[in-house]
$ cat target_4.txt   # compact mmCIF, C-alpha atoms
# COMPACT_ATOMS: atom_id res chain seq x y z
CA MET A 1 -12.96 -4.64 -12.07
CA LYS A 2 -9.48 -3.84 -13.37
CA ILE A 3 -6.87 -2.07 -11.23
CA ALA A 4 -3.33 -0.93 -11.99
CA LEU A 5 -0.20 -0.94 -9.83
CA LEU A 6 2.54 1.56 -10.59
CA GLN A 7 5.96 -0.03 -10.14
CA ALA A 8 8.36 2.79 -10.89
CA ALA A 9 11.38 4.72 -9.63
CA ALA A 10 10.38 7.85 -7.75
CA THR A 11 12.64 10.91 -7.64
CA PRO A 12 13.69 11.58 -4.01
CA LEU A 13 12.62 14.94 -2.58
CA ASP A 14 10.90 16.03 -5.81
CA PRO A 15 7.10 15.86 -5.42
CA GLU A 16 6.52 17.74 -8.69
CA ALA A 17 8.42 15.13 -10.70
CA ASN A 18 6.66 12.27 -8.92
CA LEU A 19 3.23 13.85 -9.35
CA ALA A 20 3.99 14.24 -13.06
CA ALA A 21 4.94 10.55 -13.25
CA LEU A 22 1.71 9.64 -11.47
CA ARG A 23 -0.32 11.78 -13.86
CA GLU A 24 1.19 10.01 -16.88
CA ALA A 25 0.67 6.56 -15.36
CA ALA A 26 -2.90 7.38 -14.30
CA ALA A 27 -3.80 8.43 -17.83
CA THR A 28 -2.27 5.24 -19.24
CA ALA A 29 -4.07 3.07 -16.68
CA GLN A 30 -7.40 4.78 -17.33
CA ALA A 31 -6.99 4.28 -21.09
CA ALA A 32 -6.35 0.57 -20.40
CA GLY A 33 -9.67 0.30 -18.57
CA ALA A 34 -8.41 0.37 -14.99
CA GLU A 35 -10.65 1.95 -12.35
CA LEU A 36 -7.86 2.54 -9.83
CA ILE A 37 -4.10 3.01 -9.78
CA LEU A 38 -1.99 2.24 -6.69
CA THR A 39 1.48 3.72 -6.07
CA PRO A 40 4.37 2.41 -3.94
CA GLU A 41 5.09 3.70 -0.43
CA LEU A 42 6.03 7.40 -0.26
CA PHE A 43 6.03 7.52 -4.04
CA LEU A 44 5.01 11.17 -4.11
CA SER A 45 8.08 12.28 -2.15
CA GLY A 46 10.38 9.42 -3.02
CA TYR A 47 11.24 6.74 -0.48
CA ALA A 48 14.37 8.16 1.15
CA PRO A 49 13.81 8.34 4.93
CA ARG A 50 17.31 9.54 5.80
CA GLU A 51 17.08 12.45 3.37
CA LEU A 52 13.44 13.16 4.22
CA ALA A 53 14.34 13.58 7.89
CA SER A 54 16.06 16.91 7.15
CA TRP A 55 13.87 17.88 4.17
CA LEU A 56 10.36 17.50 5.55
CA THR A 57 8.44 20.65 6.43
CA PRO A 58 4.67 21.19 6.46
CA GLU A 59 5.05 23.72 3.63
CA ARG A 60 6.72 21.16 1.38
CA VAL A 61 4.14 18.40 1.83
CA THR A 62 0.79 19.98 2.72
CA GLY A 63 -0.22 20.46 -0.92
CA ILE A 64 0.60 16.91 -2.06
CA PRO A 65 -2.83 15.34 -1.31
CA ASP A 66 -4.68 18.10 -3.17
CA ALA A 67 -2.36 17.67 -6.15
CA ALA A 68 -3.04 13.92 -6.23
CA ALA A 69 -6.78 14.54 -5.98
CA GLU A 70 -6.53 16.89 -8.95
CA ILE A 71 -4.83 14.17 -10.99
CA ALA A 72 -7.65 11.73 -10.17
CA ARG A 73 -10.23 14.31 -11.22
CA ASP A 74 -8.39 15.25 -14.44
CA THR A 75 -7.68 11.69 -15.56
CA GLY A 76 -10.96 10.11 -14.42
CA ILE A 77 -9.41 7.26 -12.44
CA ALA A 78 -9.32 6.58 -8.71
CA ILE A 79 -5.87 7.05 -7.18
CA ALA A 80 -4.41 5.36 -4.11
CA ALA A 81 -1.09 7.04 -3.34
CA SER A 82 1.38 7.26 -0.47
CA PHE A 83 3.03 10.45 0.74
CA PRO A 84 4.43 12.17 3.86
CA LEU A 85 1.65 13.70 5.95
CA ALA A 86 2.26 16.66 8.26
CA ARG A 87 0.32 16.27 11.50
CA ALA A 88 -0.97 19.15 13.61
CA ASP A 89 1.40 18.19 16.46
CA GLY A 90 4.47 18.78 14.29
CA THR A 91 5.24 15.13 13.56
CA PHE A 92 5.03 13.42 10.17
CA ALA A 93 3.31 10.19 9.17
CA ILE A 94 3.83 7.82 6.27
CA ALA A 95 0.33 8.07 4.83
CA ALA A 96 -1.80 6.68 2.05
CA GLU A 97 -5.03 8.05 0.65
CA LEU A 98 -7.66 6.93 -1.83
CA TRP A 99 -9.38 9.49 -4.03
CA ASP A 100 -12.21 8.48 -6.33
CA ALA A 101 -12.40 9.39 -10.00
CA SER A 102 -13.99 12.75 -9.13
CA GLY A 103 -11.08 13.63 -6.85
CA ALA A 104 -13.07 13.18 -3.63
CA SER A 105 -11.21 11.65 -0.69
CA VAL A 106 -12.52 8.19 0.17
CA LEU A 107 -10.03 6.90 2.75
CA ARG A 108 -6.83 7.96 4.52
CA TYR A 109 -4.44 5.80 6.55
CA GLU A 110 -1.24 6.36 8.56
CA LYS A 111 1.39 3.63 8.87
CA VAL A 112 1.51 1.82 12.23
CA HIS A 113 4.69 -0.30 11.92
CA LEU A 114 7.75 1.74 10.95
CA TRP A 115 10.66 -0.19 9.46
CA GLY A 116 14.14 -0.41 10.92
CA ASP A 117 16.26 2.49 12.08
CA LEU A 118 15.70 4.83 9.14
CA GLU A 119 11.95 5.47 9.01
CA PRO A 120 11.82 6.67 12.65
CA LEU A 121 14.35 9.37 11.74
CA ALA A 122 11.63 11.15 9.77
CA PHE A 123 8.32 9.70 10.88
CA THR A 124 6.25 8.85 13.94
CA PRO A 125 4.08 5.71 13.86
CA SER A 126 0.31 5.91 14.14
CA THR A 127 -1.73 4.16 16.81
CA ALA A 128 -5.09 4.70 15.13
CA ALA A 129 -7.15 1.73 13.96
CA PRO A 130 -7.36 1.50 10.17
CA ALA A 131 -10.66 2.62 8.70
CA VAL A 132 -12.79 0.87 6.07
CA ALA A 133 -14.46 2.62 3.14
CA ALA A 134 -16.87 1.72 0.37
CA TRP A 135 -15.64 2.36 -3.16
CA ASN A 136 -17.10 1.13 -6.49
CA GLY A 137 -18.86 -1.82 -4.90
CA ARG A 138 -15.81 -2.88 -2.89
CA SER A 139 -14.97 -2.54 0.79
CA VAL A 140 -11.46 -1.07 0.89
CA GLY A 141 -8.72 -0.75 3.52
CA PHE A 142 -5.05 0.25 3.60
CA GLN A 143 -1.87 -1.16 5.04
CA ILE A 144 1.59 0.22 4.23
CA CYS A 145 4.64 -1.98 3.62
CA TYR A 146 5.79 -3.49 6.94
CA ASP A 147 2.19 -3.42 8.23
CA ILE A 148 1.19 -6.31 5.94
CA GLU A 149 3.93 -8.52 7.41
CA PHE A 150 1.92 -8.73 10.65
CA PRO A 151 -1.22 -10.90 10.47
CA GLU A 152 -3.30 -8.99 13.03
CA PRO A 153 -4.04 -5.74 11.12
CA ALA A 154 -5.14 -7.52 7.94
CA ARG A 155 -7.29 -9.88 9.99
CA ALA A 156 -8.93 -6.94 11.78
CA LEU A 157 -9.71 -5.28 8.46
CA ALA A 158 -11.12 -8.51 7.03
CA ALA A 159 -13.30 -8.91 10.12
CA GLY A 160 -14.53 -5.38 9.41
CA GLY A 161 -15.63 -6.42 5.94
CA VAL A 162 -12.69 -5.40 3.75
CA ASP A 163 -12.45 -7.32 0.47
CA LEU A 164 -9.75 -5.17 -1.20
CA LEU A 165 -6.60 -4.35 0.77
CA LEU A 166 -4.32 -1.73 -0.81
CA VAL A 167 -0.66 -1.87 0.21
CA PRO A 168 1.88 0.71 -0.97
CA THR A 169 5.32 -0.70 -0.16
CA ALA A 170 9.07 -0.11 -0.39
CA ILE A 171 11.14 -3.24 0.22
CA ASP A 172 14.66 -4.12 -0.81
CA GLY A 173 15.93 -7.17 -2.63
CA HIS A 174 16.52 -9.09 0.59
CA SER A 175 12.75 -9.25 1.12
CA ALA A 176 11.34 -11.01 -1.93
CA TYR A 177 9.67 -13.48 0.43
CA VAL A 178 7.12 -10.78 1.31
CA PRO A 179 5.38 -10.57 -2.10
CA GLU A 180 6.11 -14.22 -2.86
CA LEU A 181 4.79 -15.60 0.43
CA LEU A 182 3.30 -13.18 2.95
CA VAL A 183 1.11 -11.19 0.55
CA ARG A 184 -0.40 -14.42 -0.73
CA ALA A 185 -0.86 -15.68 2.84
CA ARG A 186 -2.68 -12.51 3.93
CA ALA A 187 -5.00 -12.83 0.95
CA ALA A 188 -5.65 -16.54 1.57
CA GLU A 189 -6.20 -16.42 5.31
CA ASN A 190 -8.60 -13.47 5.03
CA ALA A 191 -10.41 -14.32 1.77
CA LEU A 192 -9.71 -10.94 0.22
CA VAL A 193 -7.65 -9.32 -2.53
CA VAL A 194 -4.30 -7.81 -1.58
CA ALA A 195 -2.77 -5.32 -4.02
CA TYR A 196 0.89 -4.73 -3.14
CA ALA A 197 2.85 -2.10 -5.10
CA ASP A 198 6.64 -1.72 -4.78
CA HIS A 199 9.16 0.68 -6.29
CA ALA A 200 11.62 -0.16 -9.05
CA GLY A 201 15.29 0.84 -8.91
CA GLN A 202 17.71 1.52 -6.08
CA ALA A 203 16.46 1.58 -2.50
CA GLU A 204 19.53 3.04 -0.77
CA PRO A 205 23.00 3.88 -2.13
CA SER A 206 24.82 0.56 -1.82
CA ALA A 207 27.28 -1.72 -3.56
CA ASP A 208 24.95 -4.62 -2.79
CA PRO A 209 22.61 -5.31 -5.76
CA ALA A 210 20.15 -6.88 -3.31
CA ALA A 211 19.69 -3.43 -1.76
CA ASP A 212 17.72 -2.40 -4.83
CA PHE A 213 13.95 -2.49 -4.45
CA THR A 214 12.51 -5.95 -4.86
CA GLY A 215 9.78 -4.97 -7.31
CA LEU A 216 7.56 -8.04 -7.74
CA SER A 217 4.41 -5.95 -7.21
CA THR A 218 1.64 -8.47 -6.68
CA VAL A 219 -2.12 -8.80 -6.69
CA ALA A 220 -3.28 -11.90 -4.81
CA GLY A 221 -6.77 -13.21 -4.12
CA ARG A 222 -8.54 -16.04 -2.36
CA GLU A 223 -6.52 -19.13 -1.53
CA GLY A 224 -3.42 -17.04 -2.25
CA ARG A 225 -4.04 -17.18 -5.99
CA VAL A 226 -1.79 -14.76 -7.89
CA LEU A 227 -3.92 -12.52 -10.10
CA ALA A 228 -0.95 -10.54 -11.43
CA VAL A 229 2.74 -10.12 -10.63
CA ALA A 230 5.38 -7.74 -11.96
CA GLY A 231 9.05 -8.29 -12.60
CA ARG A 232 11.82 -6.29 -10.94
CA THR A 233 11.95 -3.30 -13.28
CA ALA A 234 9.57 -0.43 -13.99
CA GLU A 235 6.12 -1.64 -15.03
CA LEU A 236 2.46 -0.66 -14.97
CA LEU A 237 0.86 -3.88 -13.75
CA CYS A 238 -2.84 -4.41 -14.45
CA ALA A 239 -5.04 -7.03 -12.80
CA GLU A 240 -8.63 -8.11 -13.22
CA LEU A 241 -10.24 -8.54 -9.81
CA PRO A 242 -12.83 -11.27 -9.27
CA ASP A 243 -16.29 -10.29 -8.09
CA VAL A 244 -16.93 -10.38 -4.36
CA THR A 245 -18.78 -13.65 -3.70
CA PRO A 246 -19.67 -15.65 -0.58
CA ILE A 247 -17.23 -18.34 0.51
CA ALA A 248 -18.51 -21.59 -0.96
CA ALA A 249 -19.13 -24.82 0.92
CA GLY A 250 -15.91 -26.80 1.08
CA GLU A 251 -13.75 -23.67 0.90
CA ALA A 252 -11.77 -22.77 4.02
CA ASN A 253 -13.61 -20.07 5.98
CA TYR A 254 -11.00 -18.79 8.39
CA LEU A 255 -12.98 -15.76 9.54
CA ARG A 256 -16.04 -17.86 10.42
CA ASP A 257 -14.09 -20.66 12.06
CA ARG A 258 -11.63 -18.67 14.14
CA ARG A 259 -12.10 -18.81 17.94
CA PRO A 260 -10.90 -15.55 19.46
CA ASP A 261 -12.55 -16.32 22.81
CA VAL A 262 -10.43 -19.45 23.08
CA TYR A 263 -7.26 -17.68 21.98
CA ALA A 264 -7.83 -14.98 24.62
CA SER A 265 -7.94 -17.63 27.35
CA TRP A 266 -4.45 -18.84 26.41
CA GLY A 267 -2.96 -15.77 28.08
$ encode --input "target_4.txt" --output "C-alpha cells"
Amino acid sequence: MKIALLQAAATPLDPEANLAALREAAATAQAAGAELILTPELFLSGYAPRELASWLTPERVTGIPDAAAEIARDTGIAIAASFPLARADGTFAIAAELWDASGASVLRYEKVHLWGDLEPLAFTPSTAAPAVAAWNGRSVGFQICYDIEFPEPARALAAGGVDLLLVPTAIDGHSAYVPELLVRARAAENALVVAYADHAGQAEPSADPAADFTGLSTVAGREGRVLAVAGRTAELLCAELPDVTPIAAGEANYLRDRRPDVYASWG
C-alpha cells in the first residue's frame, strides 16, 4: 500500500483556499498510486490558534468535513485531514477524520493533549478514548501532534489492534526531535506504522527562524525503520507501507511481553 503525506503551508482562516490545496494534492497523490493522503494538524483552517480563538464559529467550520468528504469522493482517494470541530456544547475540538475513497466517514478523533498556552485559547481537550477502524485491510487509529509524544495513547491503540497510526501535526523548529526520535520510538515499541505529517512554512510570526514549522514529515515502521521522510519545505511525501505480518521469532514483541499487572502494583 502507498500513502501520501501533504507537507504544505496552509492559509490561516481560509478553509476554501486550504480545501482547494487539498483537492490538488489529493489528485496528485491518487495519480501517483497512493490510496490515502494525510494532512497536517488543522490544515483545513490553518494552524493559528491565537487567531482561531476569535474567528471560530459553528457556521464557519460545520461544512468543512463534508467538503473534505466530497474531495475524497471526487478524486477517488481516502483522505485523513485535521480541522476545527464545533461541538454541541459550544466548545471546539482539534479534530481529525478519515474518509474512504467513496467519501464515507471511517473514523473521527478529537485531540486529547493540547499544546502550550495558545491551543487552549481556542480549543477544549477531549477525554474520549480513541477509536479504531478497519480501512483497506489495515486497522487504523489517530493521534494529533502532542498526543504522539506520550507513550500511553499509542500503546493503547496498538493493544487494540492498530497497525497504522495517522498523526496530523504542527510543530516548530525547536521540536525536530519529535519526528527524528519519538515518532520512530512509537512505531518501534508498538510494532506499527506511524505516519506523521507536519506543515511547511512559518508557525507563528517571529524573528526566530526556529519558530518555523519543523517539516520532516515521517513515516516509520517496525523497529523504528524510516520508510519515508520529507525535508523542511513543501513536499508531497509518498511511502510504501509493508504488509501487516506477525512478529517473527527473535523480533522484540513488546505488546506480548509487557506486564501491566506488575506495573500496576508499583503504585
$ residues_near_point --input "target_4.txt" --point "(-15.2, -17.5, 1.5)" --cutoff "12 Å" --atoms "only C-alpha atoms" --output "list in words"
Ala158, Gly161, Asp163, Ala187, Ala188, Glu189, Asn190, Ala191, Leu192, Val193, Gly221, Arg222, Glu223, Val244, Thr245, Pro246, Ile247, Ala248, Ala249, Gly250, Glu251, Ala252, Asn253, Tyr254, Leu255, Arg256 and Asp257 of chain A
$ closest_residue --input "target_4.txt" --among "A:Leu56, A:Pro65, A:Tyr47, A:Leu227" --to "Asp172 (chain A)" --atoms "all atoms listed in the file"
A:Tyr47
$ axis_aligned_box --input "target_4.txt" --around "region 187-194 of chain A" --padding-each-side "4 Å" --output "AutoDock Vina command-line options"
--center_x -7.4 --center_y -12.2 --center_z 1.4 --size_x 14.1 --size_y 16.7 --size_z 15.8
$ closest_residue --input "target_4.txt" --among "A:Tyr196, A:Leu5, A:Pro12, A:Phe43" --to "Thr28 (chain A)" --atoms "all atoms listed in the file"
A:Leu5
$ residues_around --input "target_4.txt" --residues "Leu44 (chain A)" --least-positions-apart "3" --cutoff "10 Å" --atoms "all atoms listed in the file" --output "PyMOL selection string"
chain A and resi 10-22+39-41+47+61+64-65+68+81-84
$ write_last_selection --input "target_4.txt" --atoms "C-alpha atoms" --output "JSON list (two decimals), in the coordinates of the input"
[["chain", "number", "residue", "atom", "x", "y", "z"],
["A", 10, "ALA", "CA", 10.38, 7.85, -7.75],
["A", 11, "THR", "CA", 12.64, 10.91, -7.64],
["A", 12, "PRO", "CA", 13.69, 11.58, -4.01],
["A", 13, "LEU", "CA", 12.62, 14.94, -2.58],
["A", 14, "ASP", "CA", 10.90, 16.03, -5.81],
["A", 15, "PRO", "CA", 7.10, 15.86, -5.42],
["A", 16, "GLU", "CA", 6.52, 17.74, -8.69],
["A", 17, "ALA", "CA", 8.42, 15.13, -10.70],
["A", 18, "ASN", "CA", 6.66, 12.27, -8.92],
["A", 19, "LEU", "CA", 3.23, 13.85, -9.35],
["A", 20, "ALA", "CA", 3.99, 14.24, -13.06],
["A", 21, "ALA", "CA", 4.94, 10.55, -13.25],
["A", 22, "LEU", "CA", 1.71, 9.64, -11.47],
["A", 39, "THR", "CA", 1.48, 3.72, -6.07],
["A", 40, "PRO", "CA", 4.37, 2.41, -3.94],
["A", 41, "GLU", "CA", 5.09, 3.70, -0.43],
["A", 47, "TYR", "CA", 11.24, 6.74, -0.48],
["A", 61, "VAL", "CA", 4.14, 18.40, 1.83],
["A", 64, "ILE", "CA", 0.60, 16.91, -2.06],
["A", 65, "PRO", "CA", -2.83, 15.34, -1.31],
["A", 68, "ALA", "CA", -3.04, 13.92, -6.23],
["A", 81, "ALA", "CA", -1.09, 7.04, -3.34],
["A", 82, "SER", "CA", 1.38, 7.26, -0.47],
["A", 83, "PHE", "CA", 3.03, 10.45, 0.74],
["A", 84, "PRO", "CA", 4.43, 12.17, 3.86]]
$ closest_residue --input "target_4.txt" --among "A:Ile94, A:Leu38, A:Ala122, A:Ala72" --to "Asp147 (chain A)" --atoms "only C-alpha atoms"
A:Ile94
$ closest_residue --input "target_4.txt" --among "A:Ala53, A:Leu107, A:Ala25, A:Ala95" --to "Leu237 (chain A)" --atoms "all atoms listed in the file"
A:Ala25
$ atom_distance --input "target_4.txt" --atom1 "CA of Asp74 (chain A)" --atom2 "CA of Ile37 (chain A)"
13.8 Å
$ closest_residue --input "target_4.txt" --among "A:Ala234, A:Val229, A:Ala159, A:Val167" --to "Glu180 (chain A)" --atoms "all atoms listed in the file"
A:Val229
$ residues_near_point --input "target_4.txt" --point "(-2.9, -7.1, -6.3)" --cutoff "6 Å" --atoms "all atoms listed in the file" --output "PyMOL selection string"
chain A and resi 194-196+218-220
$ residues_around --input "target_4.txt" --residues "Glu35 (chain A)" --least-positions-apart "3" --cutoff "10 Å" --atoms "all atoms listed in the file" --output "NGL selection string"
:A and (1-4 or 26 or 29-32 or 76-79 or 100-101 or 136)
$ atom_distance --input "target_4.txt" --atom1 "CA of Ile144 (chain A)" --atom2 "CA of Leu164 (chain A)"
13.7 Å
$ atom_distance --input "target_4.txt" --atom1 "CA of Ser217 (chain A)" --atom2 "CA of Gly137 (chain A)"
23.7 Å
